[in-house]
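Participant: Questions regarding the structure given below will be posed in turn.
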Number of protein chains: 2
Amino acid sequence: MQINLTDKKIGILAGGGDLPAKIIDKCKQDGKEFFVITFKDQDRPTNYDSLAVNETAEFGLGAVGAVIKKLKQENVEELVLAGYIKKPSLFNLNLDLTGVKILAKVAVHHDDKLLRAIADEMETKGFTLLGAHNLCDDLLIGNEILSGKKLATTKSDDIVLGIKMAHEIGKLDIGQAVIVKDKVILGVEAVEGTDALIERCAALRGKDAKGGLLIKMSKPQQNLNLDMPSIGIKTIKKLAEHGYDGVVVSANSTIFLDKDESIKVAEKHNLLVAGVDVNDCE
Amino acid sequence: MQINLTDKKIGILAGGGDLPAKIIDKCKQDGKEFFVITFKDQDRPTNYDSLAVNETAEFGLGAVGAVIKKLKQENVEELVLAGYIKKPSLFNLNLDLTGVKILAKVAVHHDDKLLRAIADEMETKGFTLLGAHNLCDDLLIGNEILSGKKLATTKSDDIVLGIKMAHEIGKLDIGQAVIVKDKVILGVEAVEGTDALIERCAALRGKDAKGGLLIKMSKPQQNLNLDMPSIGIKTIKKLAEHGYDGVVVSANSTIFLDKDESIKVAEKHNLLVAGVDVNDCE
């Protein structure tokens, strides 16, 4: 794990959730200068107001040119994208000229390709792109079983099948997650997001309506500095609420938010939480 | 198209929907002997009671051994599977011994593999398996645009993307259908079925909440005599109700039930209905 220790000013493009606050705290701790961009019609970072950040501006999601101009004015040299952006926002973008130019470059404008096009544009403009995990080294899930060790053995066939399928779905740039139960892929995530996937598959589990695993894998072609998959307490609670068996993610390429609290909930509900290397399943 | 003209007695394994009645009518017309098996806890074939079929028996879905015994007693030599079986019935099977033996052979007991295992068992027992299209030659959708010719041109990028993705999803044995809009795969069908896919993707189309195409492809490894994909008036009406642009299916491997009525509805709502050869998209 490489931790960023430069003294360059960092721009934090902040979506919803806990991650932006975590990064802002880390910057303050390390005395690293930062400037935060938030977005209109998007969730604000959790507890953003109580952080009392003065170095901040808000833009429309499609105003890429304006964001770049502002970051240049603020002498930002490095960038990190943190937090989630609500989907399917792609259809609702109010694009400025730079935004239109970027979108025109994207043949299939799935989130993933769009993010890469924006990243390319940012790098062309002289910014260095960092991952949240480069700043906070305790965020990643390793190749490890964090709770539910026994379940990992009894469900190993489903885990292997789910990882393979999630990996293939990721390759196709469709989504990152599947839900598997008794060697059947109950559902595949596309635009709806992981929470909606968990909810709708709950009704597809047959008579007992229990069990099943969420498998979430980073895409092979994914730029992890740009858009690393993440899980957090919301996902764990939703899995527990619907009686699932747990969640398996790709090791060293998934951010675990609220790790301590999540593991407590997982252990209470006997949920499996594990990171597995996709190469171990081939 | 090869039409079956043997004088062998045919067993019709009948699920829900219009197809069983269509086949029974054809058998009566052609003076072909038949015996119908229906299934407990499943939808009955449409208008089954009014057909007044005397040659019929009902079994649990998992009672494969008992079905075989009955068919042998009735001197059935050929078999056709017609109509839909409700999912996720796999979890709710009350398997008899033959059923258990078959399931034990299926590593990943997805519908598709399970059906193939049942077919293998049936063929081992001396039955010949026919497709519904072997009996009724007007059922298939060819490489043709049945309505919405103009839409086919304006949506051609989405059609090509959707066909490719549905084909890949099929290869993985996950499902047969995707919904695509503006070069984004909004949803992938797994266990939930096509109607649920149409409904849930309706909410994922952004602000205007309109448009999008259903793409449904047979799986490359699918035994079309066993389980050919089909569309019918229910699907067409659901697409119209939610303001979709239409449906594209794989040519010569999709059954179109209620063709005349469906095309009328499609034309009224300006829906595209077309069959496309997957090889034309490569």
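Ligands are numbered from 1 in the order shown, chains are lettered A, B, ... in the order of the structure tokens, and residues start at 1 in each chain.
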Within 9 Å of Val53 of chain B, counting only C-alpha atoms, which residues show up once you throw out same-chain ones fewer than 4 positions away? Write them as a ChimeraX atom specification, please.
Facilitator: /B:24,35-36,48-49
Participant: Contacts between segment 183-197 of chain B and segment 172-246 of chain A, please, where a residue of segment 172-246 of chain A counts if it comes within 9 Å (with only C-alpha atoms); show its shortest atom pair and distance in Å to one decimal, rows by chain and ascending number, as CSV.
Facilitator:
```
residue,atom,partner,partner_atom,distance
A:Asp173,CA,B:Ile185,CA,8.9
A:Ile174,CA,B:Ile185,CA,6.3
A:Val184,CA,B:Val191,CA,8.3
A:Ile185,CA,B:Ala190,CA,6.6
A:Leu186,CA,B:Val191,CA,5.0
A:Gly187,CA,B:Ala190,CA,5.1
A:Val188,CA,B:Val188,CA,6.0
A:Glu189,CA,B:Gly187,CA,7.1
A:Ala190,CA,B:Gly187,CA,5.1
A:Val191,CA,B:Leu186,CA,5.0
A:Glu192,CA,B:Leu186,CA,7.4
A:Arg200,CA,B:Glu192,CA,8.5
A:Cys201,CA,B:Glu192,CA,7.9
A:Ala203,CA,B:Glu192,CA,8.8
A:Leu204,CA,B:Glu192,CA,6.6
```
Participant: Keeping N, CA and C atoms, export the residues of the selection given above as a tab-separated table (two decimals), in the first residue's frame.
Facilitator:
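As a result, again-v4.tsv now contains:
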```tsv
chain	number	residue	atom	x	y	z
A	173	ASP	N	-18.89	-4.82	-18.73
A	173	ASP	CA	-19.16	-3.44	-18.34
A	173	ASP	C	-20.63	-3.21	-18.00
A	174	ILE	N	-21.31	-4.27	-17.57
A	174	ILE	CA	-22.73	-4.17	-17.22
A	174	ILE	C	-22.90	-3.77	-15.77
A	184	VAL	N	-27.55	-21.03	-8.20
A	184	VAL	CA	-28.35	-20.29	-9.19
A	184	VAL	C	-28.06	-18.80	-9.03
A	185	ILE	N	-27.80	-18.13	-10.16
A	185	ILE	CA	-27.64	-16.67	-10.13
A	185	ILE	C	-29.04	-16.06	-10.10
A	186	LEU	N	-29.44	-15.55	-8.94
A	186	LEU	CA	-30.79	-15.01	-8.80
A	186	LEU	C	-30.94	-13.66	-9.49
A	187	GLY	N	-29.90	-12.86	-9.45
A	187	GLY	CA	-30.01	-11.53	-10.03
A	187	GLY	C	-28.66	-10.96	-10.39
A	188	VAL	N	-28.67	-10.05	-11.36
A	188	VAL	CA	-27.46	-9.39	-11.84
A	188	VAL	C	-27.68	-7.89	-11.72
A	189	GLU	N	-26.71	-7.22	-11.15
A	189	GLU	CA	-26.82	-5.77	-11.01
A	189	GLU	C	-26.46	-5.07	-12.32
A	190	ALA	N	-27.30	-4.14	-12.74
A	190	ALA	CA	-26.92	-3.27	-13.86
A	190	ALA	C	-27.04	-1.83	-13.34
A	191	VAL	N	-28.04	-1.09	-13.79
A	191	VAL	CA	-28.16	0.32	-13.40
A	191	VAL	C	-28.79	0.50	-12.01
A	192	GLU	N	-29.56	-0.49	-11.54
A	192	GLU	CA	-30.38	-0.28	-10.34
A	192	GLU	C	-29.58	-0.10	-9.07
A	200	ARG	N	-34.72	-6.82	-4.52
A	200	ARG	CA	-35.56	-7.56	-5.47
A	200	ARG	C	-35.26	-9.06	-5.45
A	201	CYS	N	-34.03	-9.43	-5.17
A	201	CYS	CA	-33.69	-10.85	-5.14
A	201	CYS	C	-34.26	-11.54	-3.89
A	203	ALA	N	-37.16	-11.69	-2.97
A	203	ALA	CA	-38.43	-12.35	-3.33
A	203	ALA	C	-38.21	-13.50	-4.31
A	204	LEU	N	-36.98	-13.76	-4.71
A	204	LEU	CA	-36.72	-14.78	-5.74
A	204	LEU	C	-36.06	-16.02	-5.16
```
Participant: Which residues are close to Lys149 of chain B, i.e. within 12 Å by only C-alpha atoms, leaving aside same-chain residues fewer than 3 positions away? Reply as a list in words.
Facilitator: Glu144, Ile145, Leu146, Ala152, Thr153, Thr154, Lys155, Ser156, Asp245, Gly246, Val248, Ala266, Glu267, Asn270, Leu271, Leu272, Val273, Ala274 and Gly275 of chain B
Participant: Suppose we keep N, CA, C and O atoms; can you now write the selection as a PDB file, in the first residue's frame?
Facilitator:
```pdb
ATOM      1  N   GLU B 144     -36.823 -10.601 -39.491  1.00  0.00           N
ATOM      2  CA  GLU B 144     -37.832  -9.714 -40.087  1.00  0.00           C
ATOM      3  C   GLU B 144     -38.241  -8.619 -39.107  1.00  0.00           C
ATOM      4  O   GLU B 144     -38.132  -8.777 -37.903  1.00  0.00           O
ATOM      5  N   ILE B 145     -38.710  -7.523 -39.668  1.00  0.00           N
ATOM      6  CA  ILE B 145     -39.267  -6.442 -38.844  1.00  0.00           C
ATOM      7  C   ILE B 145     -40.787  -6.521 -38.955  1.00  0.00           C
ATOM      8  O   ILE B 145     -41.337  -6.312 -40.023  1.00  0.00           O
ATOM      9  N   LEU B 146     -41.440  -6.858 -37.855  1.00  0.00           N
ATOM     10  CA  LEU B 146     -42.882  -7.081 -37.882  1.00  0.00           C
ATOM     11  C   LEU B 146     -43.665  -5.799 -37.634  1.00  0.00           C
ATOM     12  O   LEU B 146     -44.805  -5.671 -38.030  1.00  0.00           O
ATOM     13  N   ALA B 152     -36.304   0.771 -36.005  1.00  0.00           N
ATOM     14  CA  ALA B 152     -35.172  -0.162 -36.130  1.00  0.00           C
ATOM     15  C   ALA B 152     -33.913   0.562 -36.576  1.00  0.00           C
ATOM     16  O   ALA B 152     -32.805   0.234 -36.145  1.00  0.00           O
ATOM     17  N   THR B 153     -34.076   1.581 -37.421  1.00  0.00           N
ATOM     18  CA  THR B 153     -32.921   2.341 -37.911  1.00  0.00           C
ATOM     19  C   THR B 153     -32.406   3.299 -36.848  1.00  0.00           C
ATOM     20  O   THR B 153     -31.219   3.335 -36.546  1.00  0.00           O
ATOM     21  N   THR B 154     -33.318   4.044 -36.228  1.00  0.00           N
ATOM     22  CA  THR B 154     -32.866   5.057 -35.260  1.00  0.00           C
ATOM     23  C   THR B 154     -32.277   4.410 -34.002  1.00  0.00           C
ATOM     24  O   THR B 154     -31.441   4.999 -33.339  1.00  0.00           O
ATOM     25  N   LYS B 155     -32.704   3.196 -33.706  1.00  0.00           N
ATOM     26  CA  LYS B 155     -32.218   2.542 -32.485  1.00  0.00           C
ATOM     27  C   LYS B 155     -31.160   1.474 -32.784  1.00  0.00           C
ATOM     28  O   LYS B 155     -30.907   0.611 -31.936  1.00  0.00           O
ATOM     29  N   SER B 156     -30.544   1.532 -33.964  1.00  0.00           N
ATOM     30  CA  SER B 156     -29.691   0.405 -34.366  1.00  0.00           C
ATOM     31  C   SER B 156     -28.485   0.201 -33.437  1.00  0.00           C
ATOM     32  O   SER B 156     -28.090  -0.933 -33.177  1.00  0.00           O
ATOM     33  N   ASP B 245     -39.714   1.350 -26.303  1.00  0.00           N
ATOM     34  CA  ASP B 245     -39.658   1.466 -27.765  1.00  0.00           C
ATOM     35  C   ASP B 245     -39.971   0.146 -28.471  1.00  0.00           C
ATOM     36  O   ASP B 245     -40.280   0.144 -29.653  1.00  0.00           O
ATOM     37  N   GLY B 246     -39.836  -0.983 -27.782  1.00  0.00           N
ATOM     38  CA  GLY B 246     -40.175  -2.247 -28.434  1.00  0.00           C
ATOM     39  C   GLY B 246     -39.311  -3.410 -27.996  1.00  0.00           C
ATOM     40  O   GLY B 246     -38.698  -3.373 -26.929  1.00  0.00           O
ATOM     41  N   VAL B 248     -36.706  -6.756 -29.502  1.00  0.00           N
ATOM     42  CA  VAL B 248     -35.964  -7.451 -30.557  1.00  0.00           C
ATOM     43  C   VAL B 248     -35.611  -8.835 -30.041  1.00  0.00           C
ATOM     44  O   VAL B 248     -35.143  -8.972 -28.905  1.00  0.00           O
ATOM     45  N   ALA B 266     -48.724  -3.535 -31.149  1.00  0.00           N
ATOM     46  CA  ALA B 266     -47.409  -2.912 -31.382  1.00  0.00           C
ATOM     47  C   ALA B 266     -47.534  -1.739 -32.346  1.00  0.00           C
ATOM     48  O   ALA B 266     -46.965  -0.665 -32.102  1.00  0.00           O
ATOM     49  N   GLU B 267     -48.295  -1.918 -33.412  1.00  0.00           N
ATOM     50  CA  GLU B 267     -48.434  -0.837 -34.403  1.00  0.00           C
ATOM     51  C   GLU B 267     -49.176   0.363 -33.812  1.00  0.00           C
ATOM     52  O   GLU B 267     -48.799   1.502 -34.056  1.00  0.00           O
ATOM     53  N   ASN B 270     -46.738   2.221 -31.731  1.00  0.00           N
ATOM     54  CA  ASN B 270     -45.471   2.496 -32.412  1.00  0.00           C
ATOM     55  C   ASN B 270     -44.291   1.743 -31.787  1.00  0.00           C
ATOM     56  O   ASN B 270     -43.216   2.289 -31.547  1.00  0.00           O
ATOM     57  N   LEU B 271     -44.515   0.482 -31.490  1.00  0.00           N
ATOM     58  CA  LEU B 271     -43.447  -0.359 -30.920  1.00  0.00           C
ATOM     59  C   LEU B 271     -42.710  -1.108 -32.026  1.00  0.00           C
ATOM     60  O   LEU B 271     -43.328  -1.596 -32.971  1.00  0.00           O
ATOM     61  N   LEU B 272     -41.410  -1.200 -31.875  1.00  0.00           N
ATOM     62  CA  LEU B 272     -40.615  -2.061 -32.756  1.00  0.00           C
ATOM     63  C   LEU B 272     -40.767  -3.518 -32.307  1.00  0.00           C
ATOM     64  O   LEU B 272     -40.633  -3.834 -31.127  1.00  0.00           O
ATOM     65  N   VAL B 273     -41.064  -4.398 -33.255  1.00  0.00           N
ATOM     66  CA  VAL B 273     -41.032  -5.840 -32.995  1.00  0.00           C
ATOM     67  C   VAL B 273     -40.237  -6.467 -34.135  1.00  0.00           C
ATOM     68  O   VAL B 273     -40.637  -6.374 -35.299  1.00  0.00           O
ATOM     69  N   ALA B 274     -39.099  -7.052 -33.807  1.00  0.00           N
ATOM     70  CA  ALA B 274     -38.230  -7.572 -34.872  1.00  0.00           C
ATOM     71  C   ALA B 274     -37.462  -8.799 -34.430  1.00  0.00           C
ATOM     72  O   ALA B 274     -37.191  -8.991 -33.245  1.00  0.00           O
ATOM     73  N   GLY B 275     -37.142  -9.638 -35.403  1.00  0.00           N
ATOM     74  CA  GLY B 275     -36.225 -10.751 -35.201  1.00  0.00           C
ATOM     75  C   GLY B 275     -34.915 -10.419 -35.886  1.00  0.00           C
ATOM     76  O   GLY B 275     -34.909  -9.920 -37.015  1.00  0.00           O
TER      77      GLY B 275
END
```
Participant: Restricting the calculation to only C-alpha atoms, which member of B:Leu213, B:Glu199, B:Lys219, B:Met165 is positioned closest to chain A?
Facilitator: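 Smallest distance to chain A is found for B:Met165.
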Participant: Would you mind reading off the distance between atom CA of Asp30 of chain A and atom CA of Glu77 of chain A, one decimal, in Å?
Facilitator: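 Spanning atom CA of Asp30 of chain A to atom CA of Glu77 of chain A is a straight-line distance of 16.9 Å.
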Participant: Please identify all polymer residues within 12 Å of Lys259 of chain B, counting only C-alpha atoms, omitting same-chain residues fewer than 6 positions from it, and present them as JSON, numbers by chain.
Facilitator: {"B": [18, 19, 138, 139, 140, 141, 146, 147, 230, 231, 232, 233, 234, 235, 236, 265, 266, 273, 274]}
Participant: Would you export the selected residues with all heavy atoms as a tab-separated table (two decimals), in the first residue's frame, please?
Facilitator:
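Saved result, selection_8.tsv, follows:
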```tsv
chain	number	residue	atom	x	y	z
B	18	ASP	N	-50.75	-20.00	-23.84
B	18	ASP	CA	-51.57	-20.41	-24.99
B	18	ASP	C	-50.99	-21.57	-25.80
B	18	ASP	O	-51.69	-22.19	-26.58
B	18	ASP	CB	-51.74	-19.22	-25.96
B	18	ASP	CG	-52.49	-18.08	-25.31
B	18	ASP	OD1	-53.27	-18.35	-24.38
B	18	ASP	OD2	-52.30	-16.93	-25.74
B	19	LEU	N	-49.70	-21.83	-25.63
B	19	LEU	CA	-49.04	-22.78	-26.53
B	19	LEU	C	-49.62	-24.20	-26.44
B	19	LEU	O	-49.85	-24.83	-27.49
B	19	LEU	CB	-47.53	-22.76	-26.26
B	19	LEU	CG	-46.64	-23.42	-27.30
B	19	LEU	CD1	-46.93	-22.91	-28.71
B	19	LEU	CD2	-45.18	-23.16	-26.96
B	138	ASP	N	-46.08	-22.00	-37.82
B	138	ASP	CA	-46.30	-20.55	-37.89
B	138	ASP	C	-45.90	-19.84	-36.61
B	138	ASP	O	-46.23	-18.68	-36.39
B	138	ASP	CB	-47.77	-20.26	-38.22
B	138	ASP	CG	-48.70	-20.85	-37.16
B	138	ASP	OD1	-48.27	-21.76	-36.41
B	138	ASP	OD2	-49.86	-20.42	-37.08
B	139	LEU	N	-45.18	-20.53	-35.73
B	139	LEU	CA	-44.88	-19.97	-34.41
B	139	LEU	C	-43.63	-19.10	-34.39
B	139	LEU	O	-43.49	-18.22	-33.55
B	139	LEU	CB	-44.71	-21.09	-33.38
B	139	LEU	CG	-45.98	-21.78	-32.90
B	139	LEU	CD1	-45.62	-23.01	-32.09
B	139	LEU	CD2	-46.83	-20.83	-32.08
B	140	LEU	N	-42.68	-19.37	-35.28
B	140	LEU	CA	-41.37	-18.72	-35.17
B	140	LEU	C	-41.35	-17.29	-35.71
B	140	LEU	O	-42.07	-16.96	-36.65
B	140	LEU	CB	-40.32	-19.52	-35.92
B	140	LEU	CG	-39.89	-20.85	-35.30
B	140	LEU	CD1	-38.75	-21.45	-36.12
B	140	LEU	CD2	-39.46	-20.67	-33.87
B	141	ILE	N	-40.49	-16.45	-35.12
B	141	ILE	CA	-40.19	-15.13	-35.68
B	141	ILE	C	-38.94	-15.27	-36.54
B	141	ILE	O	-37.93	-15.80	-36.07
B	141	ILE	CB	-39.92	-14.10	-34.56
B	141	ILE	CG1	-41.13	-13.99	-33.64
B	141	ILE	CG2	-39.56	-12.74	-35.16
B	141	ILE	CD1	-40.95	-13.01	-32.50
B	146	LEU	N	-41.44	-6.86	-37.85
B	146	LEU	CA	-42.88	-7.08	-37.88
B	146	LEU	C	-43.67	-5.80	-37.63
B	146	LEU	O	-44.81	-5.67	-38.03
B	146	LEU	CB	-43.27	-8.15	-36.86
B	146	LEU	CG	-42.72	-9.55	-37.18
B	146	LEU	CD1	-42.83	-10.47	-35.97
B	146	LEU	CD2	-43.45	-10.15	-38.36
B	147	SER	N	-43.06	-4.86	-36.93
B	147	SER	CA	-43.66	-3.52	-36.81
B	147	SER	C	-42.58	-2.54	-36.36
B	147	SER	O	-41.56	-2.95	-35.79
B	147	SER	CB	-44.83	-3.52	-35.82
B	147	SER	OG	-44.35	-3.39	-34.50
B	230	SER	N	-39.87	-17.29	-25.83
B	230	SER	CA	-41.09	-16.86	-26.50
B	230	SER	C	-41.48	-15.46	-26.03
B	230	SER	O	-41.10	-15.03	-24.95
B	230	SER	CB	-42.23	-17.84	-26.20
B	230	SER	OG	-42.59	-17.76	-24.86
B	231	ILE	N	-42.19	-14.76	-26.89
B	231	ILE	CA	-42.86	-13.54	-26.48
B	231	ILE	C	-44.33	-13.66	-26.89
B	231	ILE	O	-44.67	-14.49	-27.73
B	231	ILE	CB	-42.24	-12.26	-27.08
B	231	ILE	CG1	-42.26	-12.31	-28.61
B	231	ILE	CG2	-40.84	-12.04	-26.57
B	231	ILE	CD1	-41.95	-10.96	-29.25
B	232	GLY	N	-45.16	-12.83	-26.30
B	232	GLY	CA	-46.59	-12.87	-26.63
B	232	GLY	C	-47.24	-11.56	-26.27
B	232	GLY	O	-46.57	-10.57	-25.95
B	233	ILE	N	-48.54	-11.56	-26.31
B	233	ILE	CA	-49.30	-10.32	-26.13
B	233	ILE	C	-49.06	-9.66	-24.77
B	233	ILE	O	-49.02	-8.44	-24.64
B	233	ILE	CB	-50.82	-10.59	-26.36
B	233	ILE	CG1	-51.62	-9.28	-26.34
B	233	ILE	CG2	-51.38	-11.58	-25.34
B	233	ILE	CD1	-51.38	-8.40	-27.53
B	234	LYS	N	-48.79	-10.49	-23.74
B	234	LYS	CA	-48.57	-9.96	-22.40
B	234	LYS	C	-47.32	-9.06	-22.39
B	234	LYS	O	-47.33	-7.96	-21.82
B	234	LYS	CB	-48.38	-11.13	-21.42
B	234	LYS	CG	-49.02	-10.95	-20.07
B	234	LYS	CD	-48.93	-12.23	-19.25
B	234	LYS	CE	-48.19	-12.03	-17.96
B	234	LYS	NZ	-47.64	-13.25	-17.38
B	235	THR	N	-46.27	-9.56	-23.01
B	235	THR	CA	-45.02	-8.79	-23.09
B	235	THR	C	-45.22	-7.51	-23.89
B	235	THR	O	-44.79	-6.42	-23.48
B	235	THR	CB	-43.92	-9.65	-23.75
B	235	THR	OG1	-43.80	-10.87	-23.03
B	235	THR	CG2	-42.59	-8.93	-23.74
B	236	ILE	N	-45.88	-7.63	-25.03
B	236	ILE	CA	-46.10	-6.46	-25.89
B	236	ILE	C	-46.92	-5.39	-25.15
B	236	ILE	O	-46.59	-4.20	-25.18
B	236	ILE	CB	-46.82	-6.88	-27.20
B	236	ILE	CG1	-45.98	-7.90	-27.97
B	236	ILE	CG2	-47.16	-5.66	-28.06
B	236	ILE	CD1	-44.70	-7.38	-28.55
B	265	VAL	N	-51.34	-4.42	-31.57
B	265	VAL	CA	-51.03	-3.58	-30.40
B	265	VAL	C	-49.72	-2.83	-30.62
B	265	VAL	O	-49.61	-1.63	-30.33
B	265	VAL	CB	-50.96	-4.44	-29.11
B	265	VAL	CG1	-50.48	-3.62	-27.93
B	265	VAL	CG2	-52.31	-5.07	-28.81
B	266	ALA	N	-48.72	-3.54	-31.15
B	266	ALA	CA	-47.41	-2.91	-31.38
B	266	ALA	C	-47.53	-1.74	-32.35
B	266	ALA	O	-46.96	-0.66	-32.10
B	266	ALA	CB	-46.43	-3.95	-31.93
B	273	VAL	N	-41.06	-4.40	-33.26
B	273	VAL	CA	-41.03	-5.84	-33.00
B	273	VAL	C	-40.24	-6.47	-34.14
B	273	VAL	O	-40.64	-6.37	-35.30
B	273	VAL	CB	-42.44	-6.47	-32.94
B	273	VAL	CG1	-42.34	-7.98	-32.71
B	273	VAL	CG2	-43.28	-5.83	-31.85
B	274	ALA	N	-39.10	-7.05	-33.81
B	274	ALA	CA	-38.23	-7.57	-34.87
B	274	ALA	C	-37.46	-8.80	-34.43
B	274	ALA	O	-37.19	-8.99	-33.25
B	274	ALA	CB	-37.25	-6.48	-35.31
```
Participant: Here is a test: counting only C-alpha atoms, which residue of B:Leu135, B:Val178, B:Leu61, B:Leu13 is nearest to chain A?
Facilitator: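 Selected residue with least distance to chain A: B:Val178.
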Participant: Could you name the residues that touch Gly243 of chain A at 8 Å or less, counting only C-alpha atoms, but leaving out those on the same chain fewer than 2 positions away, as a list in words?
Facilitator: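 Residues near the query, excluding close chain neighbours: Ala209, Lys210, Gly211, Leu239, Ala240, Glu241 and Asp245 of chain A.
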Participant: Please, which residues of segment 29-270 of chain B, numbered as in this document, come out strand (DSSP E) from DSSP, as an NGL selection string?
Facilitator: :B and (34-39 or 56-59 or 78-82 or 128-130 or 145-147 or 177-181 or 184-188 or 213-216 or 230-231 or 246-250 or 255-256)
Participant: I'd like the interatomic distance between atom CA of Glu123 of chain B and atom CA of Asp182 of chain A, to a tenth of an Å.
Facilitator: 27.0 Å
Participant: In Å, rounded to a single decimal, give me how far atom CA of Ser218 of chain A is from atom CA of Gly126 of chain A.
Facilitator: 26.8 Å
Participant: Between B:Glu121, B:Asp157, B:Asp137, B:Asp25, which is the closest to chain A once you count only C-alpha atoms?
Facilitator: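 Ranking B:Glu121, B:Asp157, B:Asp137, B:Asp25 by distance to chain A, first place goes to B:Asp157.
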Participant: At a cut-off of 10 Å, using only C-alpha atoms, what residues contact Leu81 of chain A? Leave out same-chain residues fewer than 6 positions from it and give the result as a list in words.
Facilitator: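 Surrounding residues, per the criterion: Gly11, Ile12, Leu13, Ala14, Gly15, Leu19, Pro20, Ile37, Ala119, Leu129, Leu130, Gly131, Ala132, Asn225, Leu226, Asp227 and Met228 of chain A.
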Participant: Could you tell me, as a PyMOL selection string, which residues of segment 11-221 of chain B DSSP assigns to alpha helix (DSSP H) when given the backbone?
Facilitator: chain B and resi 19-30+48-51+64-73+97-105+111-124+132-135+149-154+156-171+194-202
Participant: Which residues are near Lys216 of chain B? Cut-off 8 Å, only C-alpha atoms, ignore same chain within fewer than 2 positions. Put them as a ChimeraX atom specification.
Facilitator: /B:163,166,176-178,214,218,229,247-250
Participant: Using only C-alpha atoms, can you tell me which of A:Leu51, A:Ala21, A:Leu172, A:Leu257 comes closest to chain B?
Facilitator: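 Among the listed residues, the smallest separation from chain B belongs to A:Leu172.
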